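**Student:** The following file, work-v3.csv, comprises CSV, C-alpha atoms:
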chain,number,residue,atom,x,y,z
A,1,MET,CA,116.0,93.4,93.9
A,2,LYS,CA,116.8,89.9,94.9
A,3,CYS,CA,117.5,87.4,92.0
A,4,MET,CA,114.9,84.6,92.1
A,5,PHE,CA,117.5,82.1,90.7
A,6,CYS,CA,120.6,82.7,92.8
A,7,GLY,CA,119.5,85.1,95.5
A,8,CYS,CA,122.0,87.8,94.6
A,9,THR,CA,120.8,91.4,95.4
A,10,GLU,CA,122.7,93.1,92.6
A,11,SER,CA,120.9,93.4,89.3
A,12,LYS,CA,120.6,95.9,86.5
A,13,VAL,CA,117.5,97.2,84.7
A,14,ILE,CA,117.5,96.3,81.0
A,15,ASP,CA,114.1,97.6,80.0
A,16,SER,CA,111.3,99.5,81.7
A,17,ARG,CA,107.7,99.9,80.4
A,18,SER,CA,104.6,101.4,81.8
A,19,THR,CA,101.6,99.1,82.0
A,20,ASP,CA,98.1,99.2,83.4
A,21,GLU,CA,97.5,102.8,82.2
A,22,GLY,CA,100.6,104.1,83.8
A,23,ARG,CA,99.9,102.8,87.3
A,24,THR,CA,102.4,100.0,87.1
A,25,ILE,CA,106.0,99.8,85.8
A,26,ARG,CA,107.3,96.5,84.4
A,27,ARG,CA,111.1,96.2,84.7
A,28,ARG,CA,113.2,93.5,82.9
A,29,ARG,CA,116.3,92.9,85.0
A,30,GLU,CA,119.5,90.9,84.7
A,31,CYS,CA,121.3,89.4,87.7
A,32,MET,CA,124.9,90.6,88.0
A,33,GLN,CA,126.0,87.3,89.5
A,34,CYS,CA,124.4,84.5,87.4
A,35,GLY,CA,123.4,86.6,84.3
A,36,ARG,CA,119.8,85.3,84.2
A,37,ARG,CA,116.9,87.6,83.5
A,38,PHE,CA,113.7,88.2,85.4
A,39,THR,CA,110.8,90.6,85.4
A,40,THR,CA,109.6,92.7,88.3
A,41,TYR,CA,106.5,95.0,88.6
A,42,GLU,CA,106.4,98.2,90.6
A,43,THR,CA,103.0,99.6,91.7
A,44,ILE,CA,101.9,102.5,93.8
A,45,GLU,CA,100.8,101.4,97.3
A,46,THR,CA,97.5,102.8,98.2
A,47,THR,CA,96.1,103.0,101.7
A,48,PRO,CA,92.7,101.4,102.0
A,49,VAL,CA,89.7,103.8,102.3
A,50,LEU,CA,86.7,102.7,104.3
A,51,VAL,CA,83.2,103.8,103.5
A,52,ILE,CA,81.0,104.6,106.5
A,53,LYS,CA,77.5,103.4,105.7
A,54,ASN,CA,74.3,105.0,107.0
A,55,ASP,CA,73.9,102.3,109.6
A,56,GLY,CA,77.4,103.0,110.9
A,57,THR,CA,79.0,99.9,109.4
A,58,ARG,CA,82.2,100.2,107.5
A,59,GLN,CA,83.3,98.5,104.3
A,60,ALA,CA,86.1,98.9,101.7
A,61,PHE,CA,85.7,101.6,99.1
A,62,GLU,CA,84.9,99.9,95.8
A,63,PRO,CA,84.8,102.2,92.7
A,64,ASN,CA,83.0,99.4,90.8
A,65,LYS,CA,79.9,99.8,93.0
A,66,ILE,CA,79.8,103.5,92.1
A,67,LYS,CA,80.2,102.6,88.4
A,68,ASN,CA,77.4,100.1,88.5
A,69,GLY,CA,75.1,102.6,90.1
A,70,ILE,CA,75.9,105.2,87.5
A,71,ILE,CA,75.4,102.8,84.7
A,72,LYS,CA,72.0,101.8,86.1
A,73,ALA,CA,71.0,105.5,86.3
A,74,CYS,CA,72.2,106.1,82.7
A,75,GLU,CA,70.5,103.1,81.3
A,76,LYS,CA,68.8,103.9,78.0
A,77,ARG,CA,70.2,107.4,78.1
A,78,PRO,CA,72.7,109.0,75.6
A,79,VAL,CA,75.6,108.8,78.0
A,80,SER,CA,78.8,107.2,76.8
A,81,MET,CA,80.9,104.8,78.8
A,82,LEU,CA,83.7,107.3,78.4
A,83,LYS,CA,81.7,109.9,80.4
A,84,ILE,CA,80.8,107.3,83.0
A,85,GLU,CA,84.4,106.2,83.4
A,86,LYS,CA,85.6,109.8,83.7
A,87,LEU,CA,83.1,110.5,86.4
A,88,VAL,CA,84.1,107.4,88.3
A,89,ASP,CA,87.8,108.3,87.9
A,90,ASP,CA,87.1,111.9,89.2
A,91,ILE,CA,85.3,110.5,92.2
A,92,LYS,CA,88.0,108.0,92.9
A,93,ARG,CA,90.7,110.7,92.6
A,94,GLU,CA,88.7,113.0,95.0
A,95,VAL,CA,88.3,110.2,97.5
A,96,TYR,CA,92.0,109.2,97.5
A,97,ASN,CA,93.3,112.8,97.3
A,98,SER,CA,91.3,113.7,100.5
A,99,LEU,CA,93.9,111.7,102.4
A,100,GLU,CA,91.2,110.5,104.8
A,101,GLN,CA,91.0,106.8,105.7
A,102,GLU,CA,87.2,107.0,106.1
A,103,ILE,CA,84.5,108.7,104.0
A,104,SER,CA,80.7,108.6,104.4
A,105,SER,CA,78.5,107.0,101.8
A,106,LYS,CA,76.5,110.2,102.0
A,107,ARG,CA,79.5,112.2,100.7
A,108,ILE,CA,80.2,109.7,97.9
A,109,GLY,CA,76.5,109.9,96.9
A,110,GLU,CA,76.7,113.7,96.7
A,111,MET,CA,79.8,113.5,94.5
A,112,VAL,CA,77.9,111.1,92.2
A,113,MET,CA,74.9,113.4,92.1
A,114,ASP,CA,77.0,116.5,91.4
A,115,GLY,CA,78.7,114.6,88.5
A,116,LEU,CA,75.5,113.3,87.0
A,117,ARG,CA,73.8,116.7,87.2
A,118,GLY,CA,76.3,117.9,84.7
A,119,ILE,CA,76.1,114.9,82.4
A,120,ASP,CA,72.4,114.0,82.2
A,121,GLU,CA,69.5,115.4,84.1
A,122,VAL,CA,67.3,112.3,83.8
A,123,ALA,CA,70.1,110.1,85.0
A,124,TYR,CA,70.6,112.5,87.9
A,125,VAL,CA,66.9,112.3,88.9
A,126,ARG,CA,67.0,108.5,88.6
A,127,TYR,CA,70.1,108.3,90.9
A,128,ALA,CA,68.6,110.9,93.3
A,129,SER,CA,65.4,109.0,93.6
A,130,VAL,CA,67.2,105.9,94.8
A,131,TYR,CA,69.9,107.7,96.8
A,132,ARG,CA,67.5,110.1,98.6
A,133,GLN,CA,64.8,107.3,98.9
A,134,PHE,CA,61.9,109.5,97.8
A,135,THR,CA,58.8,108.3,99.7
A,136,ASP,CA,56.2,110.6,98.1
A,137,ILE,CA,55.7,112.9,95.2
A,138,SER,CA,56.4,116.1,97.2
A,139,SER,CA,60.0,115.0,98.0
A,140,PHE,CA,60.5,114.1,94.3
A,141,MET,CA,59.1,117.5,93.3
A,142,ARG,CA,61.5,119.3,95.7
A,143,GLU,CA,64.4,117.6,94.0
A,144,LEU,CA,63.2,118.5,90.6
A,145,GLU,CA,62.8,122.2,91.7
A,146,SER,CA,66.3,122.1,93.1
A,147,LEU,CA,67.6,120.8,89.8
A,148,MET,CA,65.7,123.5,87.8
A,149,GLN,CA,67.1,126.2,90.1
A,150,HIS,CA,70.6,124.9,89.6
A,151,LYS,CA,70.0,124.9,85.8
A,152,ASP,CA,68.7,128.5,85.9
A,153,GLN,CA,71.7,129.6,87.9
A,154,LYS,CA,74.0,127.9,85.5
A,155,GLN,CA,72.4,129.6,82.5
A,156,GLN,CA,72.5,133.0,84.2
A,157,LYS,CA,76.3,132.7,84.7
A,158,LYS,CA,76.7,131.9,81.0
A,159,GLN,CA,74.8,135.0,79.8
A,160,PRO,CA,77.0,138.1,79.2
A,161,GLU,CA,76.0,141.2,81.1
Represent the structure from my file as structure tokens, please.

**Tutor:**
Amino acid sequence: MKCMFCGCTESKVIDSRSTDEGRTIRRRRECMQCGRRFTTYETIETTPVLVIKNDGTRQAFEPNKIKNGIIKACEKRPVSMLKIEKLVDDIKREVYNSLEQEISSKRIGEMVMDGLRGIDEVAYVRYASVYRQFTDISSFMRELESLMQHKDQKQQKKQPE
């Protein structure tokens, strides 16, 4: 690391601390030549992920958009911010761990719906109604039937034989 005061490339680390929930390391350094101290930050470099929208356009993956949609779906529901944050983090982790540089908005929407299904059924239906763009009552009913089948299958797995 180059000293910002004298330009020397030799320095020693005096103190290291984790910041930003463990995603950044703050290092306090001392220049070996002039003896002055300075701070550096080390972060993990992430490759940008692009979201392919339904119309074919691409835009940067923004987890805050997912979070805002989930918050809207969970409005006036007994869902804590902790659960919402965890769902967003799980989706973010899945997107970045896929190692793909592009992902469809459809796939992200399915991840959100899968997560909401396990958290709150009403929030799931709210999100699905916007995401799937229900145009009539029959499409809405099909989604409700699908939700009920999923719930029945889940209960059958829990029952001992």

**Student:** Residues at most 9 Å from segment 142-154 of chain A, counting all atoms listed in the file, excluding those fewer than 5 positions away in the same chain, as a PyMOL selection string?

**Tutor:** chain A and resi 117+121+125+128-129+137

**Student:** So which residues touch Tyr124 of chain A within 9 Å, counting only C-alpha atoms, skipping near sequence neighbours fewer than 3 positions away, as a PyMOL selection string?

**Tutor:** chain A and resi 73-74+112-121+127-129

**Student:** Quick one: everything within 12 Å of segment 40-47 of chain A, counting only C-alpha atoms, minus sequence neighbours fewer than 6 positions away in the same chain. Send it as a ChimeraX atom specification.

**Tutor:** /A:1-4,11-30,60-61,93,95-102

**Student:** Calculate how many Å separate atom CA of Ile103 of chain A from atom CA of Lys72 of chain A, rounding to one decimal.

**Tutor:**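 So the two atoms, atom CA of Ile103 of chain A and atom CA of Lys72 of chain A, lie 22.9 Å apart.
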
**Student:** Report, in Å to a single decimal, how far apart atom CA of Ser139 of chain A and atom CA of Ile66 of chain A are.

**Tutor:**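 Atom CA of Ser139 of chain A lies 23.6 Å from atom CA of Ile66 of chain A.
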
**Student:** Do you have the atom CA of Ser104 of chain A-atom CA of Ile52 of chain A distance handy?

**Tutor:**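 These atoms are spaced 4.5 Å apart.
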
**Student:** Between A:Met111, A:Cys31, A:Ile71, A:Met81, which residue has the minimum interatomic distance to Arg126 of chain A, considering only C-alpha atoms?

**Tutor:**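 Comparing A:Met111, A:Cys31, A:Ile71, A:Met81 against Arg126 of chain A, the winner is A:Ile71.
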
**Student:** Restricting the calculation to all atoms listed in the file, which member of A:Lys67, A:Asp136, A:Val49, A:Ile91 is positioned closest to Ile108 of chain A?

**Tutor:**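 With all atoms listed in the file as the atom set, the closest residue is A:Ile91.
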